[in-house]
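Reading through the structure tokens given below for one structure.
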Protein chains: 2
Amino acid sequence: MKRITIYDVAKEADVSLATVSRVINDSNVVREDTRMRVQQAIEKLGYKPNAIAQGLALSKTTTISIVMSEKLFAYNAKILNGLMDVAKIYNYNIMFHTTSKGISKMQDVIESIIKSRVDGVILFNDNFSEDEMEVLHEYQIPMVVVGSKLKGQKIGNVGNVYINFERMAYEFVNECFEKGIDDISMVEDKLNLSMMEQLKAGVDRAYAEKGLVFDKYVTYDDSYKSSYTFLSDYYKNHKPSRMVITFRDSQAIALMNACKECGYSIPDDTELVCILNSKYLTMMRPTISTYNIPEYDLGAVAMRLLTKMLVEDETVKQNKDIEISFSKLFRETTK
Amino acid sequence: MKRITIYDVAKEADVSLATVSRVINDSNVVREDTRMRVQQAIEKLGYKPNAIAQGLALSKTTTISIVMSEKLFAYNAKILNGLMDVAKIYNYNIMFHTTSKGISKMQDVIESIIKSRVDGVILFNDNFSEDEMEVLHEYQIPMVVVGSKLKGQKIGNVGNVYINFERMAYEFVNECFEKGIDDISMVEDKLNLSMMEQLKAGVDRAYAEKGLVFDKYVTYDDSYKSSYTFLSDYYKNHKPSRMVITFRDSQAIALMNACKECGYSIPDDTELVCILNSKYLTMMRPTISTYNIPEYDLGAVAMRLLTKMLVEDETVKQNKDIEISFSKLFRETTK
DNA sequence: TTGTAAGCGTTATCAG
DNA sequence: CTGATAACGCTTACAA
């Protein structure tokens with residue numbers, strides 16, 4: 001079956017290709033009966049407009065690139081759902097790029113984004129540098145960064161939809177202080193260093209205001225292939241703090257297992273909060289306290305912002321930073 | 001900054017655009033010094049070839065579509081990693097499509113795939129029908145289906161990279177029989193109905209060969225928002241079978257919680273196997289038995305197969321069905 | 001080894 | 001309301 005083009009349709013309907021173009025683009029200057037004729041020819045031949053040719057002619061691909069780290073894939077599922085749904089509503093296609101240590105560095109991804117002439121980019125706030133954003137900006141590609149707050153001054157046309165992790169940690173620590181708890185430790189998550197940094201800043205700030213110094217930021221090196229293996233080990237030799245903050249569910253679960261094995265009781269000996277929510281937290285016994293982050297909305301809002309930036313919506317000119325709120329979801333691991 | 005085209009580079013380097021084209025395509029007929037001159041012009045202007053224009057000229061987009069159900073997103077993370085890595089190696093871009101009940105039906109996705117003129121498609125064996133594959137086939141788009149085995153006769157140019165779940169279940173049940181266990185139940189997973197169907201077929205076959213009938217296929221309706229809520233309820237009123245098969249980790253964990261709350265002990269009162277592996281299975285106590293499926297490979301092999309189909313590799317003409325092997329990974333929930 | 005020009009499938013401008 | 005025709009940016013015979 002030969003590829004059907006607009007010429008074939010034009011011939012079949014006995015009109016010019018310009019008229020066919022008008023029909024498929026819902027132009028209202030076409031007389032009803034010729035529109036019908038064209039429509040029939042389209043059906044009969046099974047014609048589908050070539051988006052590539054349209055892209056060339058319009059200098060617009062109606063395609064948006066999403067780039068995220070390969071490792072974070074499973075964790076960002078809901079954000080991605082929000083992104084995809086809204087993209088669908090606005091009729092954008094999605095080019096999907098992953099970055100990983102070995103195979104695809106950010107630089108290659110950027111290269112292919114530029115070549116693809118996508119209309120805009122969604123970046124997860126992980127592993128890209130300011131330089132890399134600068135390159136995208138030089139090629140005038142609108143972008144929005146989703147996840148956590150961008151640091152540094154904002155360059156040109158970039159939006160930011162984020163959770164304020166700094167404030168989350170700050171407020172949480174102050175609540176602990178109010179309950180008389182100041183022996184708090186926080187476990188690093190190597191997959192989310194930019195968010196860890198912001199959390200730590202919040203903790204530091206709260207401690208500093210009390211005239212104290214926060215010094216229980218638990219890190220581990222790569223000899224442990226996961227935080228799980230590390231933590232189940234670590235807490236065999238380290239008495240847990242009165243309050244432990246982990247980032248991901250697997251870290252929280254590891255901690256619980258370690259405590260159980262070493263005879264510590266949760267929440268009596270030590271309390272536990274896991275920053276990132278997941279369904280597994282409620283499946284544990286005791287159920288694990290966490291924060292509720294509207295992940296789907298994070299994605300949906302980010303994509304909506306980008307689409308507005310693409311049509312140069314005036315209302316968006318000022319307000320390209322959108323903070324998404326979070327709420328406490330405290331369960332049995334905290335008192 | 002004006003969009004730089006091949007003409008700008010040609011003018012800058014004082015050659016024709018054909019020569020520039022030869023340089024960016026690594027043609028070996030260009031004299032070294034003119035290549036250098038062109039290369040410098042490219043650097044100086046920051047020129048990046050327009051993939052859209054290339055796509056038009058070549059009738060080839062070097063883009064592959066991946067379509068998967070929105071719900072299954074988090075579960076397929078590793079398969080996707082395999083797909084993405086291999087796509088990257090062969091320099092294909094990825095268009096990503098999700099299907100979901102409300103917003104994006106399979107039909108729309110197919111529409112946009114055809115319009116995009118992608119070179120090939122990867123389909124997850126979920127929620128598409130034979131009709132839909134037929135449409136893709138009419139437009140001569142090579143595709144490979146990944147996950148489970150396609151049923152029905154194969155149409156045209158479609159590959160299939162799969163796990164043989166039927167055999168997995170068949171062999172497992174026979175091993176149970178050998179150990180004297182024939183009181184087995186299996187819990188449906190609504191997210192993976194095509195795989196459930198194959199598992200059930202395997203169980204049925206094993207039972208039939210013994211002259212028995214398998215009648216403990218546990219299903220639940222949509223009033224339960226997740227299998228977790230259902231199972232923790234269900235096993236309060238139902239004595240668990242001697243052996244329970246679940247599909248996903250959350251189902252297995254739900255079952256364990258329900259048993260614990262009702263005073264049943266695992267694996268003494270009832271044993272448990274979870275078909276799909278996940279890291280959470282080893283975090284449970286007791287650790288949960290499962291099957292090891294090389295998910296990354298599943299994706300990598302599927303993408304490699306597709307790339308071969310795209311260059312009409314002869315070796316692939318015959319062999320477009322690839323079965324990926326699995327292995328037992330039995331832990332504390334089985335004896 | 002390089003340049004010219006036709007073609008890839010659309011959209012958009014202008015006449016009619 | 002419709003039809004020519006020139007872009008859009010690139011590849012690739014074919015000529016030189």
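Letters for chains follow the order of the structure tokens (A, B, ...), residue numbers begin at 1 for each chain, and ligand numbers begin at 1 in the order shown.
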**OP:** For DG3 of chain D, please output as a list in words all residues within 10 Å (counting only C-alpha atoms (C1' of nucleotides); exclusion window: fewer than 3 positions along the same chain).
**Re:** Val15, Ser16, Leu17, Ala18 and Thr19 of chain A; DA15 and DG16 of chain C
Go ahead and save the residues from that selection, with all heavy atoms, as a PDB file, in the first residue's frame.
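What ended up in out13.pdb:
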```pdb
ATOM      1  N   VAL A  15     -10.071  18.239  -6.289  1.00  0.00           N
ATOM      2  CA  VAL A  15      -9.828  19.603  -5.825  1.00  0.00           C
ATOM      3  C   VAL A  15      -8.320  19.818  -5.772  1.00  0.00           C
ATOM      4  O   VAL A  15      -7.560  18.905  -6.064  1.00  0.00           O
ATOM      5  CB  VAL A  15     -10.406  19.843  -4.409  1.00  0.00           C
ATOM      6  CG1 VAL A  15     -11.917  19.760  -4.422  1.00  0.00           C
ATOM      7  CG2 VAL A  15      -9.804  18.855  -3.430  1.00  0.00           C
ATOM      8  N   SER A  16      -7.898  20.979  -5.376  1.00  0.00           N
ATOM      9  CA  SER A  16      -6.461  21.198  -5.240  1.00  0.00           C
ATOM     10  C   SER A  16      -6.015  20.778  -3.844  1.00  0.00           C
ATOM     11  O   SER A  16      -6.836  20.651  -2.931  1.00  0.00           O
ATOM     12  CB  SER A  16      -6.125  22.665  -5.438  1.00  0.00           C
ATOM     13  OG  SER A  16      -6.495  23.381  -4.293  1.00  0.00           O
ATOM     14  N   LEU A  17      -4.730  20.572  -3.724  1.00  0.00           N
ATOM     15  CA  LEU A  17      -4.231  20.153  -2.408  1.00  0.00           C
ATOM     16  C   LEU A  17      -4.468  21.223  -1.362  1.00  0.00           C
ATOM     17  O   LEU A  17      -4.634  20.932  -0.186  1.00  0.00           O
ATOM     18  CB  LEU A  17      -2.753  19.778  -2.488  1.00  0.00           C
ATOM     19  CG  LEU A  17      -1.738  20.915  -2.606  1.00  0.00           C
ATOM     20  CD1 LEU A  17      -0.338  20.404  -2.447  1.00  0.00           C
ATOM     21  CD2 LEU A  17      -1.903  21.606  -3.919  1.00  0.00           C
ATOM     22  N   ALA A  18      -4.527  22.468  -1.792  1.00  0.00           N
ATOM     23  CA  ALA A  18      -4.782  23.544  -0.830  1.00  0.00           C
ATOM     24  C   ALA A  18      -6.120  23.338  -0.145  1.00  0.00           C
ATOM     25  O   ALA A  18      -6.250  23.524   1.067  1.00  0.00           O
ATOM     26  CB  ALA A  18      -4.754  24.885  -1.550  1.00  0.00           C
ATOM     27  N   THR A  19      -7.080  22.920  -0.917  1.00  0.00           N
ATOM     28  CA  THR A  19      -8.407  22.696  -0.346  1.00  0.00           C
ATOM     29  C   THR A  19      -8.394  21.536   0.645  1.00  0.00           C
ATOM     30  O   THR A  19      -9.009  21.609   1.717  1.00  0.00           O
ATOM     31  CB  THR A  19      -9.426  22.437  -1.467  1.00  0.00           C
ATOM     32  OG1 THR A  19      -9.467  23.567  -2.322  1.00  0.00           O
ATOM     33  CG2 THR A  19     -10.805  22.188  -0.896  1.00  0.00           C
TER      34      THR A  19
ATOM     35  P    DA C  15      -0.976  39.459  -5.332  1.00  0.00           P
ATOM     36  OP1  DA C  15       0.241  40.184  -5.732  1.00  0.00           O
ATOM     37  OP2  DA C  15      -1.975  40.119  -4.461  1.00  0.00           O
ATOM     38  O5'  DA C  15      -1.732  38.958  -6.634  1.00  0.00           O
ATOM     39  C5'  DA C  15      -2.696  37.968  -6.437  1.00  0.00           C
ATOM     40  C4'  DA C  15      -2.820  37.083  -7.656  1.00  0.00           C
ATOM     41  O4'  DA C  15      -3.304  35.821  -7.182  1.00  0.00           O
ATOM     42  C3'  DA C  15      -3.880  37.591  -8.619  1.00  0.00           C
ATOM     43  O3'  DA C  15      -3.667  37.030  -9.894  1.00  0.00           O
ATOM     44  C2'  DA C  15      -5.145  37.121  -7.968  1.00  0.00           C
ATOM     45  C1'  DA C  15      -4.720  35.781  -7.315  1.00  0.00           C
ATOM     46  N9   DA C  15      -5.294  35.606  -5.963  1.00  0.00           N
ATOM     47  C8   DA C  15      -5.207  36.458  -4.895  1.00  0.00           C
ATOM     48  N7   DA C  15      -5.848  36.028  -3.834  1.00  0.00           N
ATOM     49  C5   DA C  15      -6.374  34.797  -4.230  1.00  0.00           C
ATOM     50  C6   DA C  15      -7.139  33.839  -3.560  1.00  0.00           C
ATOM     51  N6   DA C  15      -7.526  33.971  -2.295  1.00  0.00           N
ATOM     52  N1   DA C  15      -7.506  32.731  -4.246  1.00  0.00           N
ATOM     53  C2   DA C  15      -7.096  32.599  -5.512  1.00  0.00           C
ATOM     54  N3   DA C  15      -6.360  33.428  -6.256  1.00  0.00           N
ATOM     55  C4   DA C  15      -6.037  34.528  -5.539  1.00  0.00           C
ATOM     56  P    DG C  16      -4.614  37.508 -11.088  1.00  0.00           P
ATOM     57  OP1  DG C  16      -3.888  37.139 -12.329  1.00  0.00           O
ATOM     58  OP2  DG C  16      -5.001  38.900 -10.826  1.00  0.00           O
ATOM     59  O5'  DG C  16      -5.914  36.592 -10.983  1.00  0.00           O
ATOM     60  C5'  DG C  16      -5.857  35.226 -11.417  1.00  0.00           C
ATOM     61  C4'  DG C  16      -7.149  34.566 -11.067  1.00  0.00           C
ATOM     62  O4'  DG C  16      -7.333  34.614  -9.640  1.00  0.00           O
ATOM     63  C3'  DG C  16      -8.398  35.222 -11.677  1.00  0.00           C
ATOM     64  O3'  DG C  16      -9.115  34.248 -12.415  1.00  0.00           O
ATOM     65  C2'  DG C  16      -9.190  35.717 -10.487  1.00  0.00           C
ATOM     66  C1'  DG C  16      -8.709  34.761  -9.388  1.00  0.00           C
ATOM     67  N9   DG C  16      -8.897  35.237  -8.029  1.00  0.00           N
ATOM     68  C8   DG C  16      -8.442  36.412  -7.499  1.00  0.00           C
ATOM     69  N7   DG C  16      -8.761  36.561  -6.246  1.00  0.00           N
ATOM     70  C5   DG C  16      -9.475  35.404  -5.927  1.00  0.00           C
ATOM     71  C6   DG C  16     -10.079  35.002  -4.712  1.00  0.00           C
ATOM     72  O6   DG C  16     -10.099  35.596  -3.653  1.00  0.00           O
ATOM     73  N1   DG C  16     -10.692  33.760  -4.847  1.00  0.00           N
ATOM     74  C2   DG C  16     -10.728  33.008  -5.992  1.00  0.00           C
ATOM     75  N2   DG C  16     -11.365  31.856  -5.928  1.00  0.00           N
ATOM     76  N3   DG C  16     -10.164  33.376  -7.142  1.00  0.00           N
ATOM     77  C4   DG C  16      -9.559  34.584  -7.028  1.00  0.00           C
TER      78       DG C  16
END
```
Go through chain B residue by residue and, counting only C-alpha atoms (C1' of nucleotides), keep those with an atom at most 10 Å from chain D; for each kept residue give the shortest atom pair and its distance in Å to one decimal, ordered by chain and increasing number, as JSON lines.
```
{"residue": "B:Thr5", "atom": "CA", "partner": "D:DG9", "partner_atom": "C1'", "distance": 6.8}
{"residue": "B:Ile6", "atom": "CA", "partner": "D:DG9", "partner_atom": "C1'", "distance": 7.2}
{"residue": "B:Tyr7", "atom": "CA", "partner": "D:DG9", "partner_atom": "C1'", "distance": 8.6}
{"residue": "B:Leu17", "atom": "CA", "partner": "D:DC10", "partner_atom": "C1'", "distance": 9.2}
{"residue": "B:Ala18", "atom": "CA", "partner": "D:DT11", "partner_atom": "C1'", "distance": 8.2}
{"residue": "B:Ser21", "atom": "CA", "partner": "D:DT11", "partner_atom": "C1'", "distance": 7.6}
{"residue": "B:Arg22", "atom": "CA", "partner": "D:DT11", "partner_atom": "C1'", "distance": 9.1}
{"residue": "B:Asn25", "atom": "CA", "partner": "D:DT11", "partner_atom": "C1'", "distance": 9.8}
{"residue": "B:Pro49", "atom": "CA", "partner": "D:DC10", "partner_atom": "C1'", "distance": 8.3}
{"residue": "B:Asn50", "atom": "CA", "partner": "D:DG9", "partner_atom": "C1'", "distance": 6.8}
{"residue": "B:Ala51", "atom": "CA", "partner": "D:DC10", "partner_atom": "C1'", "distance": 8.6}
{"residue": "B:Ile52", "atom": "CA", "partner": "D:DG9", "partner_atom": "C1'", "distance": 8.2}
{"residue": "B:Ala53", "atom": "CA", "partner": "D:DG9", "partner_atom": "C1'", "distance": 5.0}
{"residue": "B:Gln54", "atom": "CA", "partner": "D:DC10", "partner_atom": "C1'", "distance": 5.1}
{"residue": "B:Gly55", "atom": "CA", "partner": "D:DC10", "partner_atom": "C1'", "distance": 8.3}
{"residue": "B:Leu56", "atom": "CA", "partner": "D:DC10", "partner_atom": "C1'", "distance": 7.7}
{"residue": "B:Ala57", "atom": "CA", "partner": "D:DT11", "partner_atom": "C1'", "distance": 5.7}
{"residue": "B:Leu58", "atom": "CA", "partner": "D:DT11", "partner_atom": "C1'", "distance": 6.8}
```
Original post:
Which neighbours of Ile275 of chain A fall inside 12 Å, counting only C-alpha atoms (C1' of nucleotides), when residues of the same chain fewer than 5 positions from it are skipped, and could you give them as an MDAnalysis selection string?
Top reply: chainID A and resid 163 165:166 168:169 172 186:189 192 195:196 199 244:252 281 288:293 326:330
Using only C-alpha atoms (C1' of nucleotides), what does the table of chain C residues within 7 Å of chain B look like, with each row giving the shortest atom pair and its distance in Å to one decimal, sorted by chain and ascending number, as JSON lines?
```
{"residue": "C:DT1", "atom": "C1'", "partner": "B:Val30", "partner_atom": "CA", "distance": 6.3}
{"residue": "C:DG3", "atom": "C1'", "partner": "B:Ser16", "partner_atom": "CA", "distance": 6.2}
{"residue": "C:DC8", "atom": "C1'", "partner": "B:Ala57", "partner_atom": "CA", "distance": 4.5}
```
Original post:
Any idea which chain A residues end up within 9 Å of chain B if we count only C-alpha atoms, as a PyMOL selection string please?
Top reply: chain A and resi 1+3+48-53+55-56+61+65+70-71+73-78+80-81+84-85+88-89+93-98+100+103-104+111-112+114-117+138-140+228+250+253-254+257+279-280+283-285
**OP:** Return as a PyMOL selection string the full set of residues in segment 93-192 of chain B whose backbone-based DSSP assignment is strand (DSSP E).
**Re:** chain B and resi 93-99+120-124+143-148+158-163+184-187
Those residues you just picked out, can you put them in a file as an mmCIF file, in the first residue's frame with N, CA, C and O atoms?
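In the end it all went to result33.cif:
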```
data_model
loop_
_atom_site.group_PDB
_atom_site.id
_atom_site.type_symbol
_atom_site.label_atom_id
_atom_site.label_comp_id
_atom_site.auth_asym_id
_atom_site.auth_seq_id
_atom_site.Cartn_x
_atom_site.Cartn_y
_atom_site.Cartn_z
ATOM 1 N N ASN B 93 15.063 7.785 18.570
ATOM 2 C CA ASN B 93 14.312 8.552 19.549
ATOM 3 C C ASN B 93 13.078 7.766 19.967
ATOM 4 O O ASN B 93 12.622 6.893 19.241
ATOM 5 N N ILE B 94 12.544 8.114 21.106
ATOM 6 C CA ILE B 94 11.369 7.412 21.611
ATOM 7 C C ILE B 94 10.185 8.360 21.750
ATOM 8 O O ILE B 94 10.277 9.387 22.425
ATOM 9 N N MET B 95 9.098 7.988 21.104
ATOM 10 C CA MET B 95 7.837 8.679 21.376
ATOM 11 C C MET B 95 7.097 7.803 22.371
ATOM 12 O O MET B 95 6.969 6.599 22.161
ATOM 13 N N PHE B 96 6.615 8.429 23.407
ATOM 14 C CA PHE B 96 6.014 7.648 24.473
ATOM 15 C C PHE B 96 4.505 7.919 24.534
ATOM 16 O O PHE B 96 4.079 9.068 24.598
ATOM 17 N N HIS B 97 3.745 6.849 24.498
ATOM 18 C CA HIS B 97 2.288 6.980 24.554
ATOM 19 C C HIS B 97 1.750 6.154 25.713
ATOM 20 O O HIS B 97 2.178 5.025 25.914
ATOM 21 N N THR B 98 0.810 6.721 26.436
ATOM 22 C CA THR B 98 0.157 5.913 27.454
ATOM 23 C C THR B 98 -1.328 5.804 27.136
ATOM 24 O O THR B 98 -1.920 6.703 26.563
ATOM 25 N N THR B 99 -1.874 4.696 27.520
ATOM 26 C CA THR B 99 -3.310 4.522 27.374
ATOM 27 C C THR B 99 -3.926 4.494 28.758
ATOM 28 O O THR B 99 -3.325 3.998 29.701
ATOM 29 N N GLY B 120 8.789 2.412 13.864
ATOM 30 C CA GLY B 120 8.344 1.149 14.450
ATOM 31 C C GLY B 120 7.656 1.379 15.782
ATOM 32 O O GLY B 120 7.674 2.481 16.311
ATOM 33 N N VAL B 121 7.048 0.321 16.293
ATOM 34 C CA VAL B 121 6.278 0.446 17.527
ATOM 35 C C VAL B 121 6.570 -0.718 18.476
ATOM 36 O O VAL B 121 6.689 -1.864 18.044
ATOM 37 N N ILE B 122 6.704 -0.384 19.743
ATOM 38 C CA ILE B 122 6.764 -1.400 20.791
ATOM 39 C C ILE B 122 5.446 -1.363 21.555
ATOM 40 O O ILE B 122 5.043 -0.314 22.061
ATOM 41 N N LEU B 123 4.791 -2.486 21.625
ATOM 42 C CA LEU B 123 3.516 -2.560 22.345
ATOM 43 C C LEU B 123 3.672 -3.446 23.570
ATOM 44 O O LEU B 123 4.232 -4.539 23.487
ATOM 45 N N PHE B 124 3.176 -2.985 24.697
ATOM 46 C CA PHE B 124 3.110 -3.867 25.853
ATOM 47 C C PHE B 124 1.835 -4.691 25.749
ATOM 48 O O PHE B 124 0.780 -4.170 25.399
ATOM 49 N N MET B 143 6.153 -3.816 14.245
ATOM 50 C CA MET B 143 5.947 -3.696 15.689
ATOM 51 C C MET B 143 6.431 -4.942 16.403
ATOM 52 O O MET B 143 6.450 -6.024 15.828
ATOM 53 N N VAL B 144 6.798 -4.777 17.652
ATOM 54 C CA VAL B 144 7.027 -5.942 18.479
ATOM 55 C C VAL B 144 6.270 -5.782 19.788
ATOM 56 O O VAL B 144 6.183 -4.700 20.359
ATOM 57 N N VAL B 145 5.678 -6.896 20.154
ATOM 58 C CA VAL B 145 4.870 -6.941 21.365
ATOM 59 C C VAL B 145 5.721 -7.557 22.467
ATOM 60 O O VAL B 145 6.328 -8.604 22.280
ATOM 61 N N VAL B 146 5.764 -6.896 23.604
ATOM 62 C CA VAL B 146 6.638 -7.346 24.665
ATOM 63 C C VAL B 146 5.826 -7.696 25.901
ATOM 64 O O VAL B 146 4.793 -7.095 26.166
ATOM 65 N N GLY B 147 6.264 -8.699 26.631
ATOM 66 C CA GLY B 147 5.584 -9.083 27.861
ATOM 67 C C GLY B 147 5.164 -10.529 27.842
ATOM 68 O O GLY B 147 5.910 -11.404 28.266
ATOM 69 N N SER B 148 3.982 -10.761 27.311
ATOM 70 C CA SER B 148 3.511 -12.138 27.274
ATOM 71 C C SER B 148 3.261 -12.555 25.839
ATOM 72 O O SER B 148 3.384 -11.774 24.903
ATOM 73 N N VAL B 158 5.008 -8.558 12.756
ATOM 74 C CA VAL B 158 5.037 -8.308 14.192
ATOM 75 C C VAL B 158 5.888 -9.325 14.935
ATOM 76 O O VAL B 158 5.792 -10.535 14.714
ATOM 77 N N GLY B 159 6.756 -8.813 15.786
ATOM 78 C CA GLY B 159 7.599 -9.663 16.617
ATOM 79 C C GLY B 159 6.987 -9.823 17.992
ATOM 80 O O GLY B 159 6.043 -9.122 18.346
ATOM 81 N N ASN B 160 7.519 -10.740 18.758
ATOM 82 C CA ASN B 160 6.976 -10.992 20.081
ATOM 83 C C ASN B 160 8.095 -11.482 21.004
ATOM 84 O O ASN B 160 8.729 -12.488 20.748
ATOM 85 N N VAL B 161 8.348 -10.729 22.028
ATOM 86 C CA VAL B 161 9.356 -11.107 23.018
ATOM 87 C C VAL B 161 8.618 -11.299 24.341
ATOM 88 O O VAL B 161 8.003 -10.362 24.835
ATOM 89 N N TYR B 162 8.698 -12.491 24.883
ATOM 90 C CA TYR B 162 7.757 -12.797 25.958
ATOM 91 C C TYR B 162 8.291 -13.789 26.987
ATOM 92 O O TYR B 162 9.258 -14.508 26.758
ATOM 93 N N ILE B 163 7.616 -13.765 28.098
ATOM 94 C CA ILE B 163 7.787 -14.775 29.129
ATOM 95 C C ILE B 163 6.672 -15.798 28.962
ATOM 96 O O ILE B 163 5.519 -15.430 28.752
ATOM 97 N N ILE B 184 -4.499 -25.376 45.880
ATOM 98 C CA ILE B 184 -3.810 -24.165 45.424
ATOM 99 C C ILE B 184 -4.839 -23.122 45.020
ATOM 100 O O ILE B 184 -5.842 -23.444 44.395
ATOM 101 N N SER B 185 -4.592 -21.865 45.394
ATOM 102 C CA SER B 185 -5.451 -20.827 44.837
ATOM 103 C C SER B 185 -4.608 -19.739 44.192
ATOM 104 O O SER B 185 -3.434 -19.572 44.513
ATOM 105 N N MET B 186 -5.234 -19.059 43.271
ATOM 106 C CA MET B 186 -4.510 -18.014 42.553
ATOM 107 C C MET B 186 -5.340 -16.744 42.577
ATOM 108 O O MET B 186 -6.543 -16.768 42.335
ATOM 109 N N VAL B 187 -4.682 -15.640 42.871
ATOM 110 C CA VAL B 187 -5.387 -14.364 42.997
ATOM 111 C C VAL B 187 -5.254 -13.560 41.710
ATOM 112 O O VAL B 187 -4.151 -13.330 41.225
#
```
I need the residues of segment 20-159 of chain B that end up classed as helix (DSSP H, G or I) by DSSP on the backbone, written out as a PDB file with C-alpha atoms, in the first residue's frame.
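Generated output (selection.pdb):
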```pdb
ATOM      1  CA  VAL B  20      27.469  20.521   4.164  1.00  0.00           C
ATOM      2  CA  SER B  21      24.989  17.703   4.005  1.00  0.00           C
ATOM      3  CA  ARG B  22      27.789  15.329   3.092  1.00  0.00           C
ATOM      4  CA  VAL B  23      29.826  16.470   6.029  1.00  0.00           C
ATOM      5  CA  ILE B  24      27.094  16.032   8.600  1.00  0.00           C
ATOM      6  CA  GLU B  32      39.656  16.916   4.165  1.00  0.00           C
ATOM      7  CA  ASP B  33      40.249  20.660   4.144  1.00  0.00           C
ATOM      8  CA  THR B  34      36.756  21.508   2.994  1.00  0.00           C
ATOM      9  CA  ARG B  35      35.391  19.154   5.631  1.00  0.00           C
ATOM     10  CA  MET B  36      37.347  21.102   8.197  1.00  0.00           C
ATOM     11  CA  ARG B  37      36.049  24.384   6.884  1.00  0.00           C
ATOM     12  CA  VAL B  38      32.489  23.139   7.074  1.00  0.00           C
ATOM     13  CA  GLN B  39      33.019  21.681  10.501  1.00  0.00           C
ATOM     14  CA  GLN B  40      34.287  25.004  11.759  1.00  0.00           C
ATOM     15  CA  ALA B  41      31.321  26.826  10.299  1.00  0.00           C
ATOM     16  CA  ILE B  42      29.043  24.359  12.061  1.00  0.00           C
ATOM     17  CA  GLU B  43      30.712  24.955  15.393  1.00  0.00           C
ATOM     18  CA  LYS B  44      30.831  28.684  14.939  1.00  0.00           C
ATOM     19  CA  LEU B  45      27.164  28.999  14.141  1.00  0.00           C
ATOM     20  CA  ALA B  51      15.621  16.104  12.299  1.00  0.00           C
ATOM     21  CA  ILE B  52      12.190  17.008  10.979  1.00  0.00           C
ATOM     22  CA  ALA B  53      13.533  18.073   7.618  1.00  0.00           C
ATOM     23  CA  GLN B  54      15.710  14.996   7.528  1.00  0.00           C
ATOM     24  CA  GLY B  55      12.705  12.901   8.310  1.00  0.00           C
ATOM     25  CA  LEU B  56      10.801  14.418   5.440  1.00  0.00           C
ATOM     26  CA  ALA B  57      13.606  13.992   2.972  1.00  0.00           C
ATOM     27  CA  LEU B  58      14.352  10.413   3.964  1.00  0.00           C
ATOM     28  CA  GLU B  70      -0.704   4.236  32.340  1.00  0.00           C
ATOM     29  CA  LYS B  71      -1.437   1.959  35.258  1.00  0.00           C
ATOM     30  CA  LEU B  72       1.412  -0.395  34.522  1.00  0.00           C
ATOM     31  CA  ALA B  77      10.231   0.442  34.771  1.00  0.00           C
ATOM     32  CA  LYS B  78      12.993  -2.070  34.142  1.00  0.00           C
ATOM     33  CA  ILE B  79      11.623  -3.240  30.824  1.00  0.00           C
ATOM     34  CA  LEU B  80      11.492   0.372  29.791  1.00  0.00           C
ATOM     35  CA  ASN B  81      15.098   0.816  30.881  1.00  0.00           C
ATOM     36  CA  GLY B  82      16.091  -2.013  28.576  1.00  0.00           C
ATOM     37  CA  LEU B  83      14.091  -0.554  25.729  1.00  0.00           C
ATOM     38  CA  MET B  84      15.517   2.919  26.200  1.00  0.00           C
ATOM     39  CA  ASP B  85      19.115   1.817  26.470  1.00  0.00           C
ATOM     40  CA  VAL B  86      19.046  -0.189  23.281  1.00  0.00           C
ATOM     41  CA  ALA B  87      17.130   2.511  21.438  1.00  0.00           C
ATOM     42  CA  LYS B  88      19.851   4.898  22.472  1.00  0.00           C
ATOM     43  CA  ILE B  89      22.554   2.611  21.152  1.00  0.00           C
ATOM     44  CA  MET B 106      -5.841   3.065  22.232  1.00  0.00           C
ATOM     45  CA  GLN B 107      -7.506   4.340  19.093  1.00  0.00           C
ATOM     46  CA  ASP B 108      -6.241   7.880  19.580  1.00  0.00           C
ATOM     47  CA  VAL B 109      -2.795   6.591  20.324  1.00  0.00           C
ATOM     48  CA  ILE B 110      -2.754   4.649  17.085  1.00  0.00           C
ATOM     49  CA  GLU B 111      -3.940   7.699  15.212  1.00  0.00           C
ATOM     50  CA  SER B 112      -1.077   9.763  16.508  1.00  0.00           C
ATOM     51  CA  ILE B 113       1.426   6.977  15.883  1.00  0.00           C
ATOM     52  CA  ILE B 114       0.424   6.847  12.242  1.00  0.00           C
ATOM     53  CA  LYS B 115       0.562  10.595  11.839  1.00  0.00           C
ATOM     54  CA  SER B 116       3.959  10.765  13.466  1.00  0.00           C
ATOM     55  CA  GLU B 130      -6.202  -7.561  17.286  1.00  0.00           C
ATOM     56  CA  ASP B 131      -8.111  -4.981  15.291  1.00  0.00           C
ATOM     57  CA  GLU B 132      -5.833  -2.287  16.539  1.00  0.00           C
ATOM     58  CA  MET B 133      -2.751  -4.229  15.581  1.00  0.00           C
ATOM     59  CA  GLU B 134      -4.342  -4.777  12.211  1.00  0.00           C
ATOM     60  CA  VAL B 135      -4.621  -1.026  11.657  1.00  0.00           C
ATOM     61  CA  LEU B 136      -0.973  -0.512  12.461  1.00  0.00           C
ATOM     62  CA  HIS B 137      -0.177  -3.322  10.086  1.00  0.00           C
ATOM     63  CA  GLU B 138      -2.172  -1.748   7.273  1.00  0.00           C
TER      64      GLU B 138
END
```
